[in-house]
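> Pasting in a structure now, in structure tokens, and then I'll have a few things to ask.
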There are 4 protein chains.
Amino acid sequence: MKIGFIGLGIMGSRMAANLHARGHDLVVFNRSPQKAEPLVAAGAVAVNNPAAVAAQADVLITMLAHPEAVREAATGEQGFLAKGSAGTTWIDCSTVHPSFSREMAAAAQAQQVQFLDAPVAGSKPQAAAAELMFFVGGEAADIDRYRPLLEAMGRKVTHIGPVGQGSAMKLVVNHLLGTSMLAFAESLALGTGLGLSQNALLEALVGSPVAPPYLAAKRQKLATGDYAPEFPLEWLHKDLQLVARAAYEVGVAMPTSAVTKEIYGLAARQGLKRQDFSAIYRLFLERSLERPSGT
Amino acid sequence: MKIGFIGLGIMGSRMAANLHARGHDLVVFNRSPQKAEPLVAAGAVAVNNPAAVAAQADVLITMLAHPEAVREAATGEQGFLAKGSAGTTWIDCSTVHPSFSREMAAAAQAQQVQFLDAPVAGSKPQAAAAELMFFVGGEAADIDRYRPLLEAMGRKVTHIGPVGQGSAMKLVVNHLLGTSMLAFAESLALGTGLGLSQNALLEALVGSPVAPPYLAAKRQKLATGDYAPEFPLEWLHKDLQLVARAAYEVGVAMPTSAVTKEIYGLAARQGLKRQDFSAIYRLFLERSLERPSGT
Amino acid sequence: MKIGFIGLGIMGSRMAANLHARGHDLVVFNRSPQKAEPLVAAGAVAVNNPAAVAAQADVLITMLAHPEAVREAATGEQGFLAKGSAGTTWIDCSTVHPSFSREMAAAAQAQQVQFLDAPVAGSKPQAAAAELMFFVGGEAADIDRYRPLLEAMGRKVTHIGPVGQGSAMKLVVNHLLGTSMLAFAESLALGTGLGLSQNALLEALVGSPVAPPYLAAKRQKLATGDYAPEFPLEWLHKDLQLVARAAYEVGVAMPTSAVTKEIYGLAARQGLKRQDFSAIYRLFLERSLERPSGT
Amino acid sequence: MKIGFIGLGIMGSRMAANLHARGHDLVVFNRSPQKAEPLVAAGAVAVNNPAAVAAQADVLITMLAHPEAVREAATGEQGFLAKGSAGTTWIDCSTVHPSFSREMAAAAQAQQVQFLDAPVAGSKPQAAAAELMFFVGGEAADIDRYRPLLEAMGRKVTHIGPVGQGSAMKLVVNHLLGTSMLAFAESLALGTGLGLSQNALLEALVGSPVAPPYLAAKRQKLATGDYAPEFPLEWLHKDLQLVARAAYEVGVAMPTSAVTKEIYGLAARQGLKRQDFSAIYRLFLERSLERPSGT
């Protein structure tokens, strides 16, 4: 079975490398071709466009930045959903909104391509260590067939429900991720403002009943102020925009999520977009606003 | 050592009962005297006002609803901070803001009364089971002296720092409690709106890295819709108002906390104030707004 | 010059009637055909799909509920952007986001159709009285050519800039509309809560320096509680979602707008979506939340 | 009739100067005594504490920064509410919350001092030009007696209702002021982000039905980026905190107001507190966040 892999960013490059390391044949495409070089050096085949991936692969995996990038790869001028792709299966690991997953599933079906939405929980370290968690939407039989493939990249594969529900669960999770990180940043700002030491706060709160366990992995960043990105702030911001869109589509109000999105947006605008999303804490630090140019 | 206990609500009545059960002599006061009856039946002495408590006790514990109630009990017309109280120690377990704790400490010191702020983490079940956690502000020597007393009511006593820092830590914790519960309610609303079952969501999220562990204790309420209060919504709303006040006093911005406070406020206004704070989920359920009277 | 008019809802039906009343020949389409009947009775021609409109008209006007409806009318299976439409001009009066206007302009250009985005300020009464204001994006020459047409439906036609900028200005205006109405509702809730009469508040605030002048037109609704829709709450909610999307696309943070959107969303979910958007005030009235079914 | 004036900041100094210019005898006090010098040079008498003001004056006017400052001036160690003050009238022009006004009225009454709450609408230019608007709470007869005094400082004196209702109306007004300024800043950020010029936006929006008229007075600041304070951002932030407190006290939810407060708080923390509150626009400008010291 030959695997086509489209999208070799922070996440995709590590996921593809894990597939390759476990003996899978890979044909890959990335818009910036130099990102494919390490894989090619290791024996993968790189091609020039998504359609060329489909021509060689039995199963296609996409790991792209946003719905528009997925649509372009799938149905754009050189998209992989074309006549020649009939009979293949497409597993979309990108974070997108559920109605988009269903739209893509319909576009796939029109070309006799099976579709699974299989977004992941986890960021750079989990991608590298093949410890991602997959939330999968689609037919149980399809998922069982491709479970070994997903397990080559992660440690848990959960069938959530029909197409789109993998994406739904992913948005739910990232909403919790984004809101809790901001709330935690506010708690540090409050606590230190009230005279507690940041260390005492981290000691008391991380691992406590009121803080989500994933914060343990962010403690070092908050303690040292080194926000090298595992999950860049601008991606979380993007995911919260997808949450807002999905919530609107189904008529659900999410006031906390919405204001959280805008606070990350403000941080992005103030220069934090490429830092880890835990750098949102920096937005709350006291500082003297230098006069920006222009106004 | 005779203990005076002022404030016998959901929390205070259980805390006092635990002190009594562990052999401490109690003199108690509650504004509504009938709440003292079970303790009196068990052998405690009830008196008519806070000053009368101070006249008989070596140490005073207050567990009251808000700063104004504490101020009235301490410095009101029949308050316990009066000439006769010199030499006693006052342990305030109420949730208040840190500057208020410091104000009370100063008022106590003026009457030669030692002061500790010792608010608790935990709600009704933890109060009943003597499993509260105490965040204590004050002198280390004072805290060590009264540690056995606090341990009769809880399972962990942490010295946070000087006077006021127990209150500071408590506000930090309740900010996290309130924001995470609302964010979780939004995640359930989003997930069910997107077609996931509530049960699948609770199964996937409770106990996961992105959800605070305390939610396990709320799962049953969310699953059944029975929101019998452990920590009433109106109390959390009050605590978030104290958070907002404390944050303002030290110049810290807390956008998520602020909007969260108002959403609980809206829920309170719509009739949920005496349900458990996890009933905030009900605010997000679809419904037909009946025309309220008046307008 | 024959005018095709697509979309005969609250706004479109009145705008088309004004065109007809000023002597223009009309060919119309609405998805629910019975809405075309009054115009047909007055002499307009109704057809069965958007393509059939294009086949007969020199200029096409669309007034539809949201971008997806516009896309379907323009480029769907029986869309009006097809071979036969070359040489016509399409004026889109719908409220959409600017990038969508540009996308439609490109689709139009591909069929040699001129495009103007010309959304309107004003609601039902202004549509009826031909007192709408048009914010127009496109080429100045095109706008001048169709100015008389727009003036048959409104009292002011402003050329904002190139394609998409009409839509941009419209979103800016509706952001102000939505945020100010909610803030005003909050001010009435606060004032009456503090003991001021609603009448005294309306008297003091409407027409004052701190309230936008349009509120004069909402005063009667607020005073009587009769929220018959001029601009339904669900439309404003939709527009704020477009604002959020447009803001995200250009990297602008809008915390007030975002939380406002969710509060309207909550009101919509609580049964207010088909009332005038000023009914947002009802969300803040005290009430007893009846137990919703299900949970 | 001798007038005592306490509080000679941006507003108070100008108000006192207008009283003096209209022939009233003044005895003044300000915590930083040098602020009294211009008035003393013009013939006013300066004294060393509030009690000394009361000893010489028939009517006392306070114009102080916040409730705590008012409480200190009135009931502090050298406060003006003391035995000697019986028979005088106290007019508090400070912006405070209504329950505080009622608390002060009670404290005044205990010393046989009449109390009026008379906060003002208007900032530095209106104070200078004696064009303030007074919202007055208290007895009609008292207000009529002192109307000429207030009219020496302003152009409109409105009796709102009993004690506290002047303060209530003031908070309502400043809630509208703060929320609308932030919403307008967001609209400029959105519009310019979407490619409209700031000038086109100001031209289209200021004076339009969707913008409050007071914005005309802020247009120059927004256009030039010179935010010399008329109404400093930190004062508005303080007023919104009073709004939040008053709303909490009466059980009213104000989500927009709350998030707005925190955004001003963030701006204050980022160095904008002493600029005009319209400088909130600067928070939304794109910039590169320099690494703050510490973390």
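By convention in this document, the chains of the structure tokens carry letters A, B, ... by their order, each chain's residues are numbered from 1, and ligands are numbered from 1 in the order they are shown.
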Starting from chain C, keep only residues with some atom at most 12 Å from an atom of chain B, counting only C-alpha atoms, and report them as a PyMOL selection string.
chain C and resi 186+189+193+198+221-227+255-256+258-260+262-263+265-275+279-295
> As a PDB file with all heavy atoms, in the first residue's frame, which residues of range 104-293 of chain A does DSSP assign to strand (DSSP E or B)?

ATOM      1  N   GLN A 114     -13.235   7.258  -0.955  1.00  0.00           N
ATOM      2  CA  GLN A 114     -13.717   7.185   0.431  1.00  0.00           C
ATOM      3  C   GLN A 114     -13.120   8.316   1.239  1.00  0.00           C
ATOM      4  O   GLN A 114     -11.955   8.682   1.024  1.00  0.00           O
ATOM      5  CB  GLN A 114     -13.272   5.857   1.074  1.00  0.00           C
ATOM      6  CG  GLN A 114     -13.987   4.647   0.561  1.00  0.00           C
ATOM      7  CD  GLN A 114     -15.477   4.726   0.834  1.00  0.00           C
ATOM      8  OE1 GLN A 114     -16.266   4.954  -0.100  1.00  0.00           O
ATOM      9  NE2 GLN A 114     -15.861   4.575   2.084  1.00  0.00           N
ATOM     10  N   PHE A 115     -13.863   8.818   2.206  1.00  0.00           N
ATOM     11  CA  PHE A 115     -13.359   9.950   2.994  1.00  0.00           C
ATOM     12  C   PHE A 115     -13.454   9.669   4.484  1.00  0.00           C
ATOM     13  O   PHE A 115     -14.476   9.161   4.968  1.00  0.00           O
ATOM     14  CB  PHE A 115     -14.176  11.208   2.665  1.00  0.00           C
ATOM     15  CG  PHE A 115     -13.760  12.410   3.467  1.00  0.00           C
ATOM     16  CD1 PHE A 115     -12.727  13.231   3.030  1.00  0.00           C
ATOM     17  CD2 PHE A 115     -14.389  12.726   4.673  1.00  0.00           C
ATOM     18  CE1 PHE A 115     -12.333  14.345   3.768  1.00  0.00           C
ATOM     19  CE2 PHE A 115     -13.996  13.833   5.418  1.00  0.00           C
ATOM     20  CZ  PHE A 115     -12.971  14.644   4.959  1.00  0.00           C
ATOM     21  N   LEU A 116     -12.406   9.996   5.191  1.00  0.00           N
ATOM     22  CA  LEU A 116     -12.430   9.999   6.657  1.00  0.00           C
ATOM     23  C   LEU A 116     -11.906  11.343   7.143  1.00  0.00           C
ATOM     24  O   LEU A 116     -10.907  11.852   6.630  1.00  0.00           O
ATOM     25  CB  LEU A 116     -11.510   8.900   7.224  1.00  0.00           C
ATOM     26  CG  LEU A 116     -11.834   7.444   6.902  1.00  0.00           C
ATOM     27  CD1 LEU A 116     -10.724   6.538   7.439  1.00  0.00           C
ATOM     28  CD2 LEU A 116     -13.179   7.042   7.504  1.00  0.00           C
ATOM     29  N   ASP A 117     -12.578  11.953   8.118  1.00  0.00           N
ATOM     30  CA  ASP A 117     -11.969  13.110   8.779  1.00  0.00           C
ATOM     31  C   ASP A 117     -11.302  12.581  10.041  1.00  0.00           C
ATOM     32  O   ASP A 117     -11.931  11.919  10.851  1.00  0.00           O
ATOM     33  CB  ASP A 117     -12.972  14.234   9.069  1.00  0.00           C
ATOM     34  CG  ASP A 117     -14.252  13.801   9.750  1.00  0.00           C
ATOM     35  OD1 ASP A 117     -14.920  12.878   9.229  1.00  0.00           O
ATOM     36  OD2 ASP A 117     -14.615  14.384  10.796  1.00  0.00           O
ATOM     37  N   VAL A 120      -6.251  15.518  14.691  1.00  0.00           N
ATOM     38  CA  VAL A 120      -5.462  14.989  15.801  1.00  0.00           C
ATOM     39  C   VAL A 120      -5.455  15.922  17.011  1.00  0.00           C
ATOM     40  O   VAL A 120      -5.517  17.132  16.880  1.00  0.00           O
ATOM     41  CB  VAL A 120      -3.992  14.766  15.376  1.00  0.00           C
ATOM     42  CG1 VAL A 120      -3.941  13.815  14.187  1.00  0.00           C
ATOM     43  CG2 VAL A 120      -3.298  16.074  15.040  1.00  0.00           C
ATOM     44  N   ALA A 121      -5.383  15.316  18.179  1.00  0.00           N
ATOM     45  CA  ALA A 121      -5.049  16.058  19.391  1.00  0.00           C
ATOM     46  C   ALA A 121      -3.576  15.829  19.654  1.00  0.00           C
ATOM     47  O   ALA A 121      -3.091  14.702  19.524  1.00  0.00           O
ATOM     48  CB  ALA A 121      -5.893  15.569  20.566  1.00  0.00           C
ATOM     49  N   LEU A 132       0.135  11.010  18.899  1.00  0.00           N
ATOM     50  CA  LEU A 132      -1.070  11.788  18.628  1.00  0.00           C
ATOM     51  C   LEU A 132      -2.306  10.967  18.982  1.00  0.00           C
ATOM     52  O   LEU A 132      -2.249   9.744  19.081  1.00  0.00           O
ATOM     53  CB  LEU A 132      -1.116  12.179  17.152  1.00  0.00           C
ATOM     54  CG  LEU A 132       0.017  13.110  16.693  1.00  0.00           C
ATOM     55  CD1 LEU A 132       0.056  13.205  15.179  1.00  0.00           C
ATOM     56  CD2 LEU A 132      -0.149  14.498  17.326  1.00  0.00           C
ATOM     57  N   MET A 133      -3.415  11.693  19.184  1.00  0.00           N
ATOM     58  CA  MET A 133      -4.702  11.018  19.313  1.00  0.00           C
ATOM     59  C   MET A 133      -5.550  11.415  18.116  1.00  0.00           C
ATOM     60  O   MET A 133      -5.649  12.598  17.798  1.00  0.00           O
ATOM     61  CB  MET A 133      -5.387  11.448  20.598  1.00  0.00           C
ATOM     62  CG  MET A 133      -4.645  10.980  21.838  1.00  0.00           C
ATOM     63  SD  MET A 133      -5.411  11.679  23.325  1.00  0.00           S
ATOM     64  CE  MET A 133      -7.059  10.973  23.209  1.00  0.00           C
ATOM     65  N   PHE A 134      -6.150  10.430  17.473  1.00  0.00           N
ATOM     66  CA  PHE A 134      -6.984  10.716  16.300  1.00  0.00           C
ATOM     67  C   PHE A 134      -8.461  10.650  16.665  1.00  0.00           C
ATOM     68  O   PHE A 134      -8.909   9.679  17.273  1.00  0.00           O
ATOM     69  CB  PHE A 134      -6.700   9.701  15.183  1.00  0.00           C
ATOM     70  CG  PHE A 134      -5.363   9.882  14.531  1.00  0.00           C
ATOM     71  CD1 PHE A 134      -4.226   9.270  15.054  1.00  0.00           C
ATOM     72  CD2 PHE A 134      -5.223  10.690  13.409  1.00  0.00           C
ATOM     73  CE1 PHE A 134      -2.981   9.452  14.459  1.00  0.00           C
ATOM     74  CE2 PHE A 134      -3.990  10.868  12.810  1.00  0.00           C
ATOM     75  CZ  PHE A 134      -2.855  10.249  13.338  1.00  0.00           C
ATOM     76  N   PHE A 135      -9.190  11.680  16.286  1.00  0.00           N
ATOM     77  CA  PHE A 135     -10.657  11.680  16.381  1.00  0.00           C
ATOM     78  C   PHE A 135     -11.169  11.431  14.970  1.00  0.00           C
ATOM     79  O   PHE A 135     -11.008  12.293  14.108  1.00  0.00           O
ATOM     80  CB  PHE A 135     -11.180  13.024  16.863  1.00  0.00           C
ATOM     81  CG  PHE A 135     -10.661  13.431  18.208  1.00  0.00           C
ATOM     82  CD1 PHE A 135     -10.025  14.663  18.380  1.00  0.00           C
ATOM     83  CD2 PHE A 135     -10.819  12.611  19.320  1.00  0.00           C
ATOM     84  CE1 PHE A 135      -9.563  15.046  19.618  1.00  0.00           C
ATOM     85  CE2 PHE A 135     -10.354  13.004  20.567  1.00  0.00           C
ATOM     86  CZ  PHE A 135      -9.723  14.215  20.725  1.00  0.00           C
ATOM     87  N   VAL A 136     -11.800  10.290  14.748  1.00  0.00           N
ATOM     88  CA  VAL A 136     -12.114   9.941  13.368  1.00  0.00           C
ATOM     89  C   VAL A 136     -13.616   9.918  13.104  1.00  0.00           C
ATOM     90  O   VAL A 136     -14.402   9.360  13.892  1.00  0.00           O
ATOM     91  CB  VAL A 136     -11.510   8.569  12.999  1.00  0.00           C
ATOM     92  CG1 VAL A 136     -11.533   8.390  11.478  1.00  0.00           C
ATOM     93  CG2 VAL A 136     -10.087   8.442  13.527  1.00  0.00           C
ATOM     94  N   GLY A 137     -13.993  10.550  12.005  1.00  0.00           N
ATOM     95  CA  GLY A 137     -15.365  10.510  11.532  1.00  0.00           C
ATOM     96  C   GLY A 137     -15.437   9.713  10.244  1.00  0.00           C
ATOM     97  O   GLY A 137     -14.599   9.896   9.357  1.00  0.00           O
ATOM     98  N   GLY A 154       0.189   7.705  15.831  1.00  0.00           N
ATOM     99  CA  GLY A 154      -0.389   8.135  17.112  1.00  0.00           C
ATOM    100  C   GLY A 154      -0.597   6.982  18.050  1.00  0.00           C
ATOM    101  O   GLY A 154      -0.356   5.820  17.698  1.00  0.00           O
ATOM    102  N   ARG A 155      -1.074   7.299  19.259  1.00  0.00           N
ATOM    103  CA  ARG A 155      -1.234   6.228  20.228  1.00  0.00           C
ATOM    104  C   ARG A 155      -2.692   5.877  20.509  1.00  0.00           C
ATOM    105  O   ARG A 155      -2.998   4.938  21.217  1.00  0.00           O
ATOM    106  CB  ARG A 155      -0.527   6.569  21.542  1.00  0.00           C
ATOM    107  CG  ARG A 155      -1.103   7.741  22.275  1.00  0.00           C
ATOM    108  CD  ARG A 155      -0.387   7.930  23.624  1.00  0.00           C
ATOM    109  NE  ARG A 155      -0.788   9.190  24.206  1.00  0.00           N
ATOM    110  CZ  ARG A 155      -1.930   9.388  24.845  1.00  0.00           C
ATOM    111  NH1 ARG A 155      -2.794   8.402  24.991  1.00  0.00           N
ATOM    112  NH2 ARG A 155      -2.228  10.587  25.334  1.00  0.00           N
ATOM    113  N   LYS A 156      -3.610   6.636  19.932  1.00  0.00           N
ATOM    114  CA  LYS A 156      -5.007   6.324  20.190  1.00  0.00           C
ATOM    115  C   LYS A 156      -5.853   6.776  18.997  1.00  0.00           C
ATOM    116  O   LYS A 156      -5.710   7.904  18.518  1.00  0.00           O
ATOM    117  CB  LYS A 156      -5.480   7.039  21.459  1.00  0.00           C
ATOM    118  CG  LYS A 156      -6.778   6.476  21.992  1.00  0.00           C
ATOM    119  CD  LYS A 156      -7.108   6.994  23.381  1.00  0.00           C
ATOM    120  CE  LYS A 156      -8.512   6.608  23.794  1.00  0.00           C
ATOM    121  NZ  LYS A 156      -8.957   7.388  24.973  1.00  0.00           N
ATOM    122  N   VAL A 157      -6.726   5.894  18.550  1.00  0.00           N
ATOM    123  CA  VAL A 157      -7.596   6.195  17.411  1.00  0.00           C
ATOM    124  C   VAL A 157      -9.023   5.976  17.875  1.00  0.00           C
ATOM    125  O   VAL A 157      -9.409   4.862  18.202  1.00  0.00           O
ATOM    126  CB  VAL A 157      -7.270   5.258  16.223  1.00  0.00           C
ATOM    127  CG1 VAL A 157      -8.252   5.491  15.082  1.00  0.00           C
ATOM    128  CG2 VAL A 157      -5.822   5.466  15.765  1.00  0.00           C
ATOM    129  N   THR A 158      -9.801   7.047  17.928  1.00  0.00           N
ATOM    130  CA  THR A 158     -11.170   6.923  18.419  1.00  0.00           C
ATOM    131  C   THR A 158     -12.165   7.206  17.303  1.00  0.00           C
ATOM    132  O   THR A 158     -12.107   8.258  16.661  1.00  0.00           O
ATOM    133  CB  THR A 158     -11.428   7.919  19.574  1.00  0.00           C
ATOM    134  OG1 THR A 158     -10.406   7.752  20.555  1.00  0.00           O
ATOM    135  CG2 THR A 158     -12.782   7.675  20.213  1.00  0.00           C
ATOM    136  N   HIS A 159     -13.057   6.266  17.099  1.00  0.00           N
ATOM    137  CA  HIS A 159     -14.114   6.490  16.122  1.00  0.00           C
ATOM    138  C   HIS A 159     -15.217   7.294  16.808  1.00  0.00           C
ATOM    139  O   HIS A 159     -15.899   6.808  17.702  1.00  0.00           O
ATOM    140  CB  HIS A 159     -14.657   5.143  15.627  1.00  0.00           C
ATOM    141  CG  HIS A 159     -15.736   5.320  14.598  1.00  0.00           C
ATOM    142  ND1 HIS A 159     -16.666   4.353  14.303  1.00  0.00           N
ATOM    143  CD2 HIS A 159     -16.032   6.370  13.775  1.00  0.00           C
ATOM    144  CE1 HIS A 159     -17.473   4.789  13.361  1.00  0.00           C
ATOM    145  NE2 HIS A 159     -17.112   6.016  13.021  1.00  0.00           N
ATOM    146  N   ILE A 160     -15.385   8.520  16.360  1.00  0.00           N
ATOM    147  CA  ILE A 160     -16.351   9.399  17.030  1.00  0.00           C
ATOM    148  C   ILE A 160     -17.754   9.198  16.479  1.00  0.00           C
ATOM    149  O   ILE A 160     -18.730   9.176  17.223  1.00  0.00           O
ATOM    150  CB  ILE A 160     -15.936  10.884  16.879  1.00  0.00           C
ATOM    151  CG1 ILE A 160     -14.493  11.107  17.338  1.00  0.00           C
ATOM    152  CG2 ILE A 160     -16.905  11.791  17.624  1.00  0.00           C
ATOM    153  CD1 ILE A 160     -14.236  10.920  18.796  1.00  0.00           C
ATOM    154  N   GLY A 161     -17.876   9.054  15.165  1.00  0.00           N
ATOM    155  CA  GLY A 161     -19.196   8.909  14.553  1.00  0.00           C
ATOM    156  C   GLY A 161     -19.078   9.078  13.060  1.00  0.00           C
ATOM    157  O   GLY A 161     -17.996   8.899  12.492  1.00  0.00           O
ATOM    158  N   PRO A 232       1.605  26.949  17.506  1.00  0.00           N
ATOM    159  CA  PRO A 232       1.692  28.413  17.362  1.00  0.00           C
ATOM    160  C   PRO A 232       0.363  29.108  17.664  1.00  0.00           C
ATOM    161  O   PRO A 232      -0.711  28.603  17.312  1.00  0.00           O
ATOM    162  CB  PRO A 232       2.086  28.606  15.895  1.00  0.00           C
ATOM    163  CG  PRO A 232       2.708  27.313  15.469  1.00  0.00           C
ATOM    164  CD  PRO A 232       1.977  26.260  16.261  1.00  0.00           C
ATOM    165  N   ASP A 276       4.460  30.097  20.806  1.00  0.00           N
ATOM    166  CA  ASP A 276       3.517  29.099  21.298  1.00  0.00           C
ATOM    167  C   ASP A 276       2.272  29.808  21.848  1.00  0.00           C
ATOM    168  O   ASP A 276       2.360  30.929  22.352  1.00  0.00           O
ATOM    169  CB  ASP A 276       4.172  28.273  22.410  1.00  0.00           C
ATOM    170  CG  ASP A 276       3.322  27.063  22.762  1.00  0.00           C
ATOM    171  OD1 ASP A 276       3.236  26.150  21.920  1.00  0.00           O
ATOM    172  OD2 ASP A 276       2.724  27.031  23.855  1.00  0.00           O
TER     173      ASP A 276
END
> After a least-squares superposition of chain B onto chain D, with every Cα atom paired in order, give the RMSD to one decimal place.
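My reading of the C-alpha RMSD is 0.0 Å.
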> Out of range 61-215 of chain A, which residues get helix (DSSP H, G or I) from DSSP, as number ranges by chain?
A: 67-75, 83-85, 98-110, 124-128, 140-151, 165-193, 198-205, 213-215
> Could you check how far CA of Gly166 in chain A sits from CA of Gly76 in chain A, in Å to one decimal?
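Between these atoms lies a distance of 23.8 Å.
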> Do you have the CA of Ser167 in chain C-CA of Pro148 in chain C distance handy?
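Taking CA of Ser167 in chain C as the start and CA of Pro148 in chain C as the end point, the length is 20.2 Å.
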> I want to know what sits within 12 Å of Val243 in chain D, based on only C-alpha atoms, with residues of the same chain fewer than 2 positions away left out; could you give that as a PyMOL selection string?
(chain B and resi 241+244-245) or (chain C and resi 186-187+189-191+193-194) or (chain D and resi 95-99+167-179+236-241+245-258+260-261)
> Quick one: distance from CA of Val59 in chain D to CA of Ala200 in chain C in Å, one decimal?
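These atoms are spaced 28.7 Å apart.
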